$ cat coords.json   # JSON, C-alpha atoms
[["chain", "number", "residue", "atom", "x", "y", "z"],
["A", 1, "MET", "CA", 11.40, -29.75, -29.36],
["A", 2, "ARG", "CA", 7.68, -29.47, -30.21],
["A", 3, "GLY", "CA", 8.45, -26.40, -32.23],
["A", 4, "GLY", "CA", 11.26, -28.26, -34.08],
["A", 5, "ILE", "CA", 8.98, -31.16, -35.06],
["A", 6, "ALA", "CA", 6.30, -28.84, -36.37],
["A", 7, "GLU", "CA", 8.89, -27.04, -38.49],
["A", 8, "THR", "CA", 10.20, -30.36, -39.85],
["A", 9, "SER", "CA", 6.75, -31.44, -41.00],
["A", 10, "ARG", "CA", 6.20, -28.13, -42.76],
["A", 11, "LEU", "CA", 9.55, -28.31, -44.59],
["A", 12, "ALA", "CA", 9.05, -31.92, -45.59],
["A", 13, "THR", "CA", 5.66, -31.10, -47.07],
["A", 14, "MET", "CA", 7.06, -28.17, -49.01],
["A", 15, "THR", "CA", 9.91, -30.31, -50.42],
["A", 16, "SER", "CA", 8.01, -33.42, -51.44],
["A", 17, "PRO", "CA", 6.48, -32.14, -54.75],
["A", 18, "SER", "CA", 9.98, -32.05, -56.32],
["A", 19, "ILE", "CA", 10.22, -35.87, -56.15],
["A", 20, "GLY", "CA", 8.30, -37.80, -58.80],
["A", 21, "CYS", "CA", 6.13, -40.47, -57.18],
["A", 22, "SER", "CA", 4.32, -42.04, -60.13],
["A", 23, "GLY", "CA", 4.46, -45.61, -61.27],
["A", 24, "GLY", "CA", 7.32, -47.85, -60.13],
["A", 25, "ARG", "CA", 9.02, -45.12, -58.32],
["A", 26, "ARG", "CA", 6.39, -45.07, -55.52],
["A", 27, "ALA", "CA", 8.46, -47.27, -53.16],
["A", 28, "ARG", "CA", 11.65, -45.32, -53.76],
["A", 29, "CYS", "CA", 9.63, -42.09, -53.31],
["A", 30, "GLY", "CA", 8.39, -43.17, -49.87],
["A", 31, "ARG", "CA", 11.91, -44.02, -48.77],
["A", 32, "ALA", "CA", 13.18, -40.69, -50.07],
["A", 33, "ARG", "CA", 10.50, -38.81, -48.16],
["A", 34, "ARG", "CA", 11.30, -40.64, -44.94],
["A", 35, "GLY", "CA", 15.01, -40.00, -45.42],
["A", 36, "LEU", "CA", 14.42, -36.33, -46.11],
["A", 37, "ALA", "CA", 12.23, -35.96, -43.00],
["A", 38, "SER", "CA", 14.90, -37.66, -40.89],
["A", 39, "LEU", "CA", 17.56, -35.27, -42.19],
["A", 40, "MET", "CA", 15.32, -32.30, -41.41],
["A", 41, "VAL", "CA", 14.71, -33.53, -37.85],
["A", 42, "LEU", "CA", 18.43, -34.02, -37.31],
["A", 43, "PHE", "CA", 19.24, -30.58, -38.75],
["A", 44, "LEU", "CA", 16.67, -28.73, -36.64],
["A", 45, "ALA", "CA", 17.58, -30.67, -33.52],
["A", 46, "CYS", "CA", 21.18, -29.59, -33.90],
["A", 47, "GLY", "CA", 20.08, -26.04, -34.59],
["A", 48, "CYS", "CA", 17.87, -25.91, -31.52],
["A", 49, "GLY", "CA", 20.62, -27.26, -29.36],
["A", 50, "ALA", "CA", 23.01, -24.60, -30.65],
["A", 51, "ASP", "CA", 20.56, -21.86, -29.71],
["A", 52, "HIS", "CA", 20.67, -22.92, -26.05],
["A", 53, "ALA", "CA", 24.41, -23.42, -25.83],
["A", 54, "VAL", "CA", 25.66, -20.09, -24.43],
["A", 55, "ALA", "CA", 29.35, -19.69, -23.86],
["A", 56, "PRO", "CA", 30.14, -18.56, -20.31],
["A", 57, "VAL", "CA", 31.13, -14.90, -20.00],
["A", 58, "ALA", "CA", 33.79, -14.05, -17.49],
["A", 59, "GLU", "CA", 32.64, -11.35, -15.06],
["A", 60, "SER", "CA", 35.15, -8.62, -14.48],
["A", 61, "ALA", "CA", 35.64, -7.29, -10.96],
["A", 62, "PRO", "CA", 34.13, -3.82, -10.40],
["A", 63, "GLU", "CA", 36.65, -1.06, -10.59],
["A", 64, "PRO", "CA", 37.25, 0.78, -7.30],
["A", 65, "THR", "CA", 35.62, 4.19, -7.16],
["A", 66, "ALA", "CA", 36.55, 7.25, -5.16],
["A", 67, "ALA", "CA", 34.48, 8.12, -2.08],
["A", 68, "TRP", "CA", 31.44, 10.24, -2.86],
["A", 69, "PHE", "CA", 31.72, 12.24, 0.35],
["A", 70, "THR", "CA", 34.61, 13.19, 2.60],
["A", 71, "GLU", "CA", 34.44, 14.68, 6.09],
["A", 72, "GLY", "CA", 35.36, 18.36, 5.87],
["A", 73, "ALA", "CA", 33.36, 20.15, 8.58],
["A", 74, "ALA", "CA", 36.30, 21.11, 10.79],
["A", 75, "ALA", "CA", 38.45, 22.21, 7.86],
["A", 76, "ALA", "CA", 35.61, 24.39, 6.57],
["A", 77, "GLY", "CA", 35.07, 26.09, 9.93],
["A", 78, "LEU", "CA", 31.95, 24.22, 11.04],
["A", 79, "SER", "CA", 33.18, 23.49, 14.55],
["A", 80, "PHE", "CA", 29.97, 22.61, 16.36],
["A", 81, "VAL", "CA", 29.25, 20.11, 19.13],
["A", 82, "HIS", "CA", 25.63, 19.36, 19.99],
["A", 83, "VAL", "CA", 24.73, 19.48, 23.68],
["A", 84, "ASN", "CA", 21.74, 17.42, 24.75],
["A", 85, "GLY", "CA", 22.06, 18.59, 28.35],
["A", 86, "ALA", "CA", 22.01, 15.07, 29.76],
["A", 87, "SER", "CA", 22.10, 15.41, 33.54],
["A", 88, "GLY", "CA", 21.41, 11.86, 34.63],
["A", 89, "ARG", "CA", 17.79, 12.70, 35.41],
["A", 90, "LEU", "CA", 16.57, 11.18, 32.14],
["A", 91, "TYR", "CA", 14.59, 14.11, 30.79],
["A", 92, "TYR", "CA", 12.77, 13.03, 27.64],
["A", 93, "PRO", "CA", 13.92, 15.90, 25.31],
["A", 94, "GLU", "CA", 17.53, 14.80, 25.82],
["A", 95, "ILE", "CA", 17.08, 11.87, 23.43],
["A", 96, "LEU", "CA", 15.99, 14.04, 20.45],
["A", 97, "PRO", "CA", 18.58, 14.99, 17.79],
["A", 98, "PRO", "CA", 19.13, 18.57, 16.58],
["A", 99, "GLY", "CA", 17.89, 20.07, 13.30],
["A", 100, "VAL", "CA", 19.92, 21.83, 10.60],
["A", 101, "ALA", "CA", 18.92, 24.33, 7.90],
["A", 102, "LEU", "CA", 20.74, 25.23, 4.69],
["A", 103, "PHE", "CA", 19.58, 28.61, 3.35],
["A", 104, "ASP", "CA", 21.00, 31.76, 1.77],
["A", 105, "TYR", "CA", 20.33, 34.33, 4.46],
["A", 106, "ASP", "CA", 22.53, 37.11, 2.99],
["A", 107, "GLY", "CA", 21.53, 36.74, -0.66],
["A", 108, "ASP", "CA", 25.06, 36.13, -2.00],
["A", 109, "GLY", "CA", 24.14, 32.90, -3.76],
["A", 110, "ASP", "CA", 25.85, 30.58, -1.25],
["A", 111, "LEU", "CA", 24.02, 28.29, 1.18],
["A", 112, "ASP", "CA", 24.64, 29.24, 4.79],
["A", 113, "VAL", "CA", 24.08, 26.92, 7.77],
["A", 114, "TYR", "CA", 21.99, 27.18, 10.92],
["A", 115, "VAL", "CA", 22.32, 24.45, 13.59],
["A", 116, "THR", "CA", 20.01, 24.09, 16.59],
["A", 117, "GLN", "CA", 21.45, 23.57, 20.06],
["A", 118, "GLY", "CA", 20.23, 22.04, 23.30],
["A", 119, "ARG", "CA", 21.07, 22.95, 26.89],
["A", 120, "PRO", "CA", 20.76, 21.51, 30.40],
["A", 121, "LEU", "CA", 17.12, 21.22, 31.48],
["A", 122, "GLY", "CA", 17.84, 20.92, 35.17],
["A", 123, "PRO", "CA", 20.53, 20.41, 37.78],
["A", 124, "PRO", "CA", 22.68, 17.28, 37.60],
["A", 125, "ALA", "CA", 21.55, 14.17, 39.44],
["A", 126, "SER", "CA", 23.16, 13.50, 42.81],
["A", 127, "THR", "CA", 24.93, 10.44, 41.40],
["A", 128, "PRO", "CA", 27.61, 11.06, 38.77],
["A", 129, "ALA", "CA", 26.39, 10.51, 35.22],
["A", 130, "THR", "CA", 27.75, 10.86, 31.74],
["A", 131, "THR", "CA", 26.80, 14.37, 30.70],
["A", 132, "ALA", "CA", 27.35, 16.34, 27.55],
["A", 133, "SER", "CA", 29.02, 19.53, 28.71],
["A", 134, "PRO", "CA", 28.93, 22.55, 26.41],
["A", 135, "ALA", "CA", 32.09, 22.63, 24.29],
["A", 136, "GLY", "CA", 31.46, 26.07, 22.84],
["A", 137, "PRO", "CA", 29.09, 29.04, 22.89],
["A", 138, "ALA", "CA", 25.56, 28.28, 24.07],
["A", 139, "GLY", "CA", 22.53, 28.42, 21.82],
["A", 140, "GLY", "CA", 21.92, 27.71, 18.15],
["A", 141, "ARG", "CA", 24.59, 28.87, 15.71],
["A", 142, "LEU", "CA", 24.50, 30.64, 12.34],
["A", 143, "TYR", "CA", 27.44, 30.05, 9.97],
["A", 144, "ARG", "CA", 27.96, 32.31, 6.95],
["A", 145, "ASN", "CA", 29.26, 30.65, 3.80],
["A", 146, "ASP", "CA", 32.36, 32.56, 2.57],
["A", 147, "LEU", "CA", 32.93, 30.41, -0.51],
["A", 148, "ARG", "CA", 35.78, 31.56, -2.77],
["A", 149, "VAL", "CA", 35.99, 30.37, -6.37],
["A", 150, "GLY", "CA", 39.40, 30.49, -8.06],
["A", 151, "ALA", "CA", 40.09, 31.48, -11.67],
["A", 152, "ASP", "CA", 40.58, 27.82, -12.50],
["A", 153, "GLY", "CA", 37.20, 26.88, -11.02],
["A", 154, "SER", "CA", 38.61, 25.51, -7.76],
["A", 155, "ARG", "CA", 36.55, 26.13, -4.63],
["A", 156, "ASP", "CA", 37.69, 27.09, -1.15],
["A", 157, "LEU", "CA", 34.79, 26.38, 1.22],
["A", 158, "THR", "CA", 34.93, 28.32, 4.48],
["A", 159, "PHE", "CA", 32.23, 29.06, 7.07],
["A", 160, "THR", "CA", 32.28, 31.84, 9.67],
["A", 161, "ASP", "CA", 30.25, 31.84, 12.89],
["A", 162, "VAL", "CA", 28.22, 35.07, 12.72],
["A", 163, "THR", "CA", 25.65, 34.24, 15.40],
["A", 164, "GLU", "CA", 26.47, 37.12, 17.71],
["A", 165, "ALA", "CA", 26.48, 39.70, 14.92],
["A", 166, "SER", "CA", 23.24, 38.35, 13.43],
["A", 167, "GLY", "CA", 21.13, 39.18, 16.46],
["A", 168, "ILE", "CA", 19.87, 35.61, 16.85],
["A", 169, "LYS", "CA", 19.57, 34.62, 20.52],
["A", 170, "ALA", "CA", 18.41, 31.03, 20.43],
["A", 171, "ASP", "CA", 18.71, 30.23, 24.12],
["A", 172, "GLY", "CA", 15.85, 27.72, 24.32],
["A", 173, "TYR", "CA", 16.17, 23.97, 24.09],
["A", 174, "GLY", "CA", 16.45, 23.85, 20.29],
["A", 175, "ILE", "CA", 15.19, 20.86, 18.31],
["A", 176, "GLY", "CA", 14.28, 21.92, 14.77],
["A", 177, "VAL", "CA", 14.36, 24.81, 12.30],
["A", 178, "ALA", "CA", 12.32, 25.90, 9.28],
["A", 179, "THR", "CA", 13.07, 28.61, 6.72],
["A", 180, "GLY", "CA", 10.73, 30.73, 4.60],
["A", 181, "ASP", "CA", 9.90, 34.28, 3.53],
["A", 182, "ILE", "CA", 7.07, 35.16, 5.92],
["A", 183, "ASP", "CA", 6.51, 38.75, 4.69],
["A", 184, "ASN", "CA", 7.28, 38.45, 0.96],
["A", 185, "ASP", "CA", 10.21, 40.87, 1.07],
["A", 186, "GLY", "CA", 12.48, 38.45, -0.80],
["A", 187, "ARG", "CA", 14.53, 37.53, 2.25],
["A", 188, "VAL", "CA", 14.53, 34.14, 4.01],
["A", 189, "ASP", "CA", 13.35, 34.19, 7.62],
["A", 190, "LEU", "CA", 13.88, 31.64, 10.42],
["A", 191, "TYR", "CA", 11.51, 29.69, 12.64],
["A", 192, "LEU", "CA", 13.11, 27.78, 15.52],
["A", 193, "THR", "CA", 11.25, 24.90, 17.16],
["A", 194, "ASN", "CA", 12.03, 24.33, 20.83],
["A", 195, "TYR", "CA", 10.93, 22.45, 23.87],
["A", 196, "GLY", "CA", 8.87, 25.11, 25.65],
["A", 197, "GLY", "CA", 7.85, 27.49, 22.86],
["A", 198, "CYS", "CA", 9.23, 28.52, 19.46],
["A", 199, "GLN", "CA", 10.97, 31.61, 18.08],
["A", 200, "MET", "CA", 10.36, 33.53, 14.85],
["A", 201, "TYR", "CA", 13.22, 35.63, 13.42],
["A", 202, "ARG", "CA", 12.65, 38.08, 10.56],
["A", 203, "ASN", "CA", 15.53, 38.68, 8.16],
["A", 204, "ASN", "CA", 16.32, 42.43, 8.09],
["A", 205, "GLY", "CA", 18.28, 42.22, 4.85],
["A", 206, "ASP", "CA", 21.51, 43.56, 6.36],
["A", 207, "SER", "CA", 22.81, 40.21, 7.69],
["A", 208, "THR", "CA", 20.85, 40.65, 10.92],
["A", 209, "PHE", "CA", 17.61, 39.20, 12.28],
["A", 210, "SER", "CA", 14.89, 40.55, 14.59],
["A", 211, "ASP", "CA", 12.90, 38.46, 17.06],
["A", 212, "VAL", "CA", 9.24, 38.85, 15.99],
["A", 213, "THR", "CA", 7.88, 35.86, 17.89],
["A", 214, "VAL", "CA", 5.25, 37.79, 19.84],
["A", 215, "ALA", "CA", 4.28, 40.07, 16.95],
["A", 216, "SER", "CA", 3.92, 37.14, 14.55],
["A", 217, "GLY", "CA", 1.45, 35.28, 16.75],
["A", 218, "ALA", "CA", 3.09, 31.94, 15.94],
["A", 219, "GLY", "CA", 5.05, 31.27, 19.11],
["A", 220, "ASN", "CA", 3.48, 27.87, 19.91],
["A", 221, "ALA", "CA", 3.64, 28.93, 23.56],
["A", 222, "SER", "CA", 4.31, 26.14, 26.09],
["A", 223, "GLY", "CA", 4.47, 23.67, 23.22],
["A", 224, "PHE", "CA", 6.99, 20.95, 22.46],
["A", 225, "ALA", "CA", 7.68, 21.45, 18.75],
["A", 226, "ALA", "CA", 9.95, 18.95, 17.03],
["A", 227, "SER", "CA", 9.72, 20.34, 13.49],
["A", 228, "ALA", "CA", 7.87, 22.85, 11.31],
["A", 229, "ALA", "CA", 7.24, 23.63, 7.65],
["A", 230, "PHE", "CA", 6.22, 26.70, 5.67],
["A", 231, "VAL", "CA", 3.53, 26.06, 3.04],
["A", 232, "ASP", "CA", 0.87, 28.16, 1.31],
["A", 233, "ILE", "CA", -2.24, 26.21, 2.35],
["A", 234, "ASP", "CA", -4.77, 28.59, 0.79],
["A", 235, "ARG", "CA", -2.80, 29.77, -2.26],
["A", 236, "ASP", "CA", -3.06, 33.43, -1.32],
["A", 237, "GLY", "CA", 0.65, 34.04, -1.93],
["A", 238, "TRP", "CA", 1.62, 34.10, 1.76],
["A", 239, "LEU", "CA", 3.51, 31.25, 3.43],
["A", 240, "ASP", "CA", 1.53, 29.65, 6.24],
["A", 241, "LEU", "CA", 3.14, 27.60, 9.02],
["A", 242, "TYR", "CA", 2.62, 24.03, 10.20],
["A", 243, "VAL", "CA", 4.17, 23.17, 13.57],
["A", 244, "ALA", "CA", 4.58, 19.49, 14.53],
["A", 245, "ASN", "CA", 4.54, 19.02, 18.28],
["A", 246, "ASN", "CA", 6.01, 15.97, 19.98],
["A", 247, "VAL", "CA", 4.56, 14.71, 23.27],
["A", 248, "THR", "CA", 2.82, 16.21, 26.28],
["A", 249, "TYR", "CA", 5.75, 16.54, 28.62],
["A", 250, "ARG", "CA", 6.72, 18.68, 31.60],
["A", 251, "ILE", "CA", 10.01, 18.53, 33.48],
["A", 252, "GLU", "CA", 8.24, 18.52, 36.82],
["A", 253, "ASN", "CA", 6.12, 15.52, 35.76],
["A", 254, "ARG", "CA", 8.91, 13.44, 34.28],
["A", 255, "THR", "CA", 8.66, 9.66, 34.32],
["A", 256, "VAL", "CA", 11.49, 7.15, 34.50],
["A", 257, "CYS", "CA", 11.07, 3.76, 32.84],
["A", 258, "PRO", "CA", 13.07, 0.55, 33.35],
["A", 259, "GLY", "CA", 15.54, -0.36, 30.63],
["A", 260, "PRO", "CA", 16.11, -3.86, 29.22],
["A", 261, "ALA", "CA", 18.36, -4.73, 32.18],
["A", 262, "GLY", "CA", 16.01, -3.18, 34.73],
["A", 263, "ALA", "CA", 18.03, -0.01, 35.32],
["A", 264, "PRO", "CA", 16.30, 3.40, 35.08],
["A", 265, "ASP", "CA", 16.06, 4.63, 31.48],
["A", 266, "TYR", "CA", 14.31, 7.15, 29.24],
["A", 267, "CYS", "CA", 10.64, 6.46, 28.58],
["A", 268, "PRO", "CA", 9.32, 5.99, 25.04],
["A", 269, "PRO", "CA", 7.01, 8.70, 23.63],
["A", 270, "GLN", "CA", 3.82, 6.66, 24.00],
["A", 271, "ILE", "CA", 4.16, 6.91, 27.77],
["A", 272, "TYR", "CA", 3.41, 10.65, 27.61],
["A", 273, "GLY", "CA", 0.90, 10.83, 24.78],
["A", 274, "GLY", "CA", 1.05, 13.10, 21.75],
["A", 275, "MET", "CA", 0.68, 16.88, 21.84],
["A", 276, "PRO", "CA", -1.60, 18.30, 19.09],
["A", 277, "ASP", "CA", 0.09, 19.99, 16.16],
["A", 278, "ARG", "CA", -0.59, 23.63, 15.27],
["A", 279, "LEU", "CA", -1.48, 25.29, 11.97],
["A", 280, "TYR", "CA", -0.96, 29.03, 11.58],
["A", 281, "ARG", "CA", -2.42, 30.99, 8.66],
["A", 282, "ASN", "CA", -0.39, 33.92, 7.37],
["A", 283, "LEU", "CA", -2.60, 37.01, 7.38],
["A", 284, "GLY", "CA", -0.02, 39.02, 5.46],
["A", 285, "ARG", "CA", 3.18, 40.87, 6.32],
["A", 286, "GLY", "CA", 4.27, 38.20, 8.77],
["A", 287, "LYS", "CA", 1.16, 38.14, 10.97],
["A", 288, "PHE", "CA", -0.25, 34.70, 11.76],
["A", 289, "ALA", "CA", -3.52, 33.35, 13.16],
["A", 290, "ASP", "CA", -3.98, 29.92, 14.77],
["A", 291, "VAL", "CA", -6.51, 28.08, 12.57],
["A", 292, "THR", "CA", -5.91, 24.64, 14.06],
["A", 293, "ARG", "CA", -9.48, 24.22, 15.33],
["A", 294, "THR", "CA", -11.11, 24.88, 11.95],
["A", 295, "ALA", "CA", -8.45, 23.55, 9.56],
["A", 296, "LEU", "CA", -7.28, 20.32, 11.23],
["A", 297, "VAL", "CA", -9.71, 17.51, 12.00],
["A", 298, "GLY", "CA", -9.69, 16.99, 15.75],
["A", 299, "GLY", "CA", -7.43, 20.01, 16.27],
["A", 300, "THR", "CA", -7.81, 22.36, 19.20],
["A", 301, "ALA", "CA", -6.66, 25.97, 19.42],
["A", 302, "ARG", "CA", -4.34, 26.75, 22.25]]
$ encode --input "coords.json" --output "structure tokens"
Amino acid sequence: MRGGIAETSRLATMTSPSIGCSGGRRARCGRARRGLASLMVLFLACGCGADHAVAPVAESAPEPTAAWFTEGAAAAGLSFVHVNGASGRLYYPEILPPGVALFDYDGDGDLDVYVTQGRPLGPPASTPATTASPAGPAGGRLYRNDLRVGADGSRDLTFTDVTEASGIKADGYGIGVATGDIDNDGRVDLYLTNYGGCQMYRNNGDSTFSDVTVASGAGNASGFAASAAFVDIDRDGWLDLYVANNVTYRIENRTVCPGPAGAPDYCPPQIYGGMPDRLYRNLGRGKFADVTRTALVGGTAR
């Protein structure tokens, strides 16, 4: 309203010179000015009110959309059941989920799948417990992507378990997986993180892998690695390796904690304390050196 009054005064002032106000017309002139100002106020007041009167807009209901994702693992041949090895003895690694890697191991342009697998860490408890029994072959699995594209652009997605033929023998308690070309030969290699040491597999380029854990020097022996990542830390063109360990844990020194209801349960990680991570520098051609002590603040070489 303050803006409307200011505008009225300005318009009235601009209009007044057109009315003669000399002589006997002075009284009529004053009345005319007041009448004109009143008309301006009324006009602007109506205009301002119209600006704020917004007609309600009816909101239309959102149109239903198709699902973005549909479950198709079994139909595509990815028949995998994770085994955590639960025995009723409440071993800490049993509560950790498995890792998955999507990478083109055979260079055909399709993403293949590697899935890590657990296993029993000890004999079952004397009292019956809910256990996850293996529902298929033991160890981590490699699935080759046999994608077929039709002439009309349609896609038939099929995966084939090629673990046995690949030479990969992942028989540890698998937790995570990392992929990278460790020797710059243009082929993607595999690093498997486990409870109790890791495994390095070099891609031979013929759909097979070779275990080069010992030769690589990056086995993280007696560690408890949850995940890992390849990264060129010194920009020398060779992929180095960071290994993230979990907690300091040994089966023979396991601890059982009370659950919310007082029954025995798994202990949280802070009970055991963290295990230091490891950093391995690639010396070239897939050879690594542990540089944890010098590269990581507070790190200690194993």
$ atom_distance --input "coords.json" --atom1 "CA of Cys198 (chain A)" --atom2 "CA of Asn220 (chain A)"
5.8 Å
$ closest_residue --input "coords.json" --among "A:Pro123, A:Arg278, A:Gly259, A:Gly197" --to "Gly176 (chain A)" --atoms "all atoms listed in the file"
A:Gly197
$ closest_residue --input "coords.json" --among "A:Gly172, A:Gly167, A:Gly180, A:Gly122" --to "Ser210 (chain A)" --atoms "only C-alpha atoms"
A:Gly167
$ axis_aligned_box --input "coords.json" --around "region 97-105 of chain A" --padding-each-side "3 Å" --output "AutoDock Vina command-line options"
--center_x 19.4 --center_y 24.7 --center_z 9.8 --size_x 9.1 --size_y 25.3 --size_z 22.0
$ atom_distance --input "coords.json" --atom1 "CA of Asp189 (chain A)" --atom2 "CA of Gly286 (chain A)"
10.0 Å
$ closest_atom_pairs --input "coords.json" --of "region 150-201 of chain A" --to "region 99-106 of chain A" --cutoff "8 Å" --atoms "all atoms listed in the file" --output "CSV"
residue,atom,partner,partner_atom,distance
A:Ile175,CA,A:Gly99,CA,5.7
A:Gly176,CA,A:Gly99,CA,4.3
A:Val177,CA,A:Gly99,CA,6.0
A:Ala178,CA,A:Ala101,CA,6.9
A:Thr179,CA,A:Phe103,CA,7.3
A:Arg187,CA,A:Tyr105,CA,7.0
A:Val188,CA,A:Tyr105,CA,5.8
A:Asp189,CA,A:Tyr105,CA,7.7
$ residues_around --input "coords.json" --residues "Ser207 (chain A)" --least-positions-apart "3" --cutoff "10 Å" --atoms "only C-alpha atoms" --output "list in words"
Tyr105, Asp106, Gly107, Arg144, Val162, Ala165, Ser166, Gly167, Asn203 and Asn204 of chain A
$ atom_distance --input "coords.json" --atom1 "CA of Arg89 (chain A)" --atom2 "CA of Gly140 (chain A)"
23.2 Å
$ closest_residue --input "coords.json" --among "A:Cys267, A:Gly205, A:Asn282, A:Ala261" --to "Gly237 (chain A)" --atoms "all atoms listed in the file"
A:Asn282
$ closest_residue --input "coords.json" --among "A:Asn253, A:Asn246, A:Thr294, A:Ser227" --to "Pro93 (chain A)" --atoms "all atoms listed in the file"
A:Asn246
$ closest_residue --input "coords.json" --among "A:Gly186, A:Gly274, A:Pro62, A:Gly262" --to "Ala225 (chain A)" --atoms "all atoms listed in the file"
A:Gly274
$ closest_residue --input "coords.json" --among "A:Tyr114, A:Phe69, A:Tyr272, A:Tyr191" --to "Thr160 (chain A)" --atoms "only C-alpha atoms"
A:Tyr114
$ residues_around --input "coords.json" --residues "Asp240 (chain A)" --least-positions-apart "4" --cutoff "6 Å" --atoms "all atoms listed in the file" --output "ChimeraX atom specification"
/A:230-232,280-282
$ residues_around --input "coords.json" --residues "Tyr91 (chain A)" --least-positions-apart "2" --cutoff "9 Å" --atoms "all atoms listed in the file" --output "count of residues only"
15
$ build_atoms --input "coords.json" --residues "region 272-287 of chain A" --atoms "N, CA, C and O atoms" --output "compact mmCIF listing (two decimals), in the frame of the given file"
# COMPACT_ATOMS: atom_id res chain seq x y z
N TYR A 272 3.89 9.29 27.31
CA TYR A 272 3.41 10.65 27.61
C TYR A 272 2.19 11.04 26.79
O TYR A 272 1.42 11.90 27.20
N GLY A 273 2.01 10.45 25.64
CA GLY A 273 0.90 10.83 24.78
C GLY A 273 1.26 12.02 23.91
O GLY A 273 2.04 12.89 24.30
N GLY A 274 0.70 12.06 22.71
CA GLY A 274 1.05 13.10 21.75
C GLY A 274 0.45 14.45 22.07
O GLY A 274 -0.64 14.56 22.63
N MET A 275 1.18 15.51 21.72
CA MET A 275 0.68 16.88 21.84
C MET A 275 0.15 17.31 20.47
O MET A 275 0.81 17.11 19.46
N PRO A 276 -1.03 17.91 20.40
CA PRO A 276 -1.60 18.30 19.09
C PRO A 276 -0.70 19.27 18.33
O PRO A 276 -0.05 20.14 18.92
N ASP A 277 -0.66 19.07 17.01
CA ASP A 277 0.09 19.99 16.16
C ASP A 277 -0.66 21.30 16.03
O ASP A 277 -1.83 21.42 16.39
N ARG A 278 0.03 22.31 15.45
CA ARG A 278 -0.59 23.63 15.27
C ARG A 278 -0.47 24.05 13.81
O ARG A 278 0.52 23.74 13.14
N LEU A 279 -1.49 24.73 13.32
CA LEU A 279 -1.48 25.29 11.97
C LEU A 279 -1.76 26.77 12.06
O LEU A 279 -2.79 27.19 12.61
N TYR A 280 -0.83 27.57 11.55
CA TYR A 280 -0.96 29.03 11.58
C TYR A 280 -1.13 29.56 10.15
O TYR A 280 -0.33 29.26 9.27
N ARG A 281 -2.17 30.37 9.97
CA ARG A 281 -2.42 30.99 8.66
C ARG A 281 -1.78 32.37 8.62
O ARG A 281 -1.91 33.15 9.56
N ASN A 282 -1.05 32.62 7.53
CA ASN A 282 -0.39 33.92 7.37
C ASN A 282 -1.41 34.94 6.90
O ASN A 282 -1.99 34.81 5.81
N LEU A 283 -1.62 35.97 7.71
CA LEU A 283 -2.60 37.01 7.38
C LEU A 283 -2.00 38.10 6.50
O LEU A 283 -2.72 38.99 6.05
N GLY A 284 -0.70 38.01 6.26
CA GLY A 284 -0.02 39.02 5.46
C GLY A 284 0.97 39.80 6.29
O GLY A 284 0.74 40.09 7.47
N ARG A 285 2.12 40.10 5.66
CA ARG A 285 3.18 40.87 6.32
C ARG A 285 3.67 40.23 7.62
O ARG A 285 4.03 40.92 8.58
N GLY A 286 3.68 38.90 7.64
CA GLY A 286 4.27 38.20 8.77
C GLY A 286 3.38 38.07 9.99
O GLY A 286 3.87 37.70 11.06
N LYS A 287 2.09 38.32 9.86
CA LYS A 287 1.16 38.14 10.97
C LYS A 287 0.42 36.82 10.78
O LYS A 287 -0.09 36.53 9.69
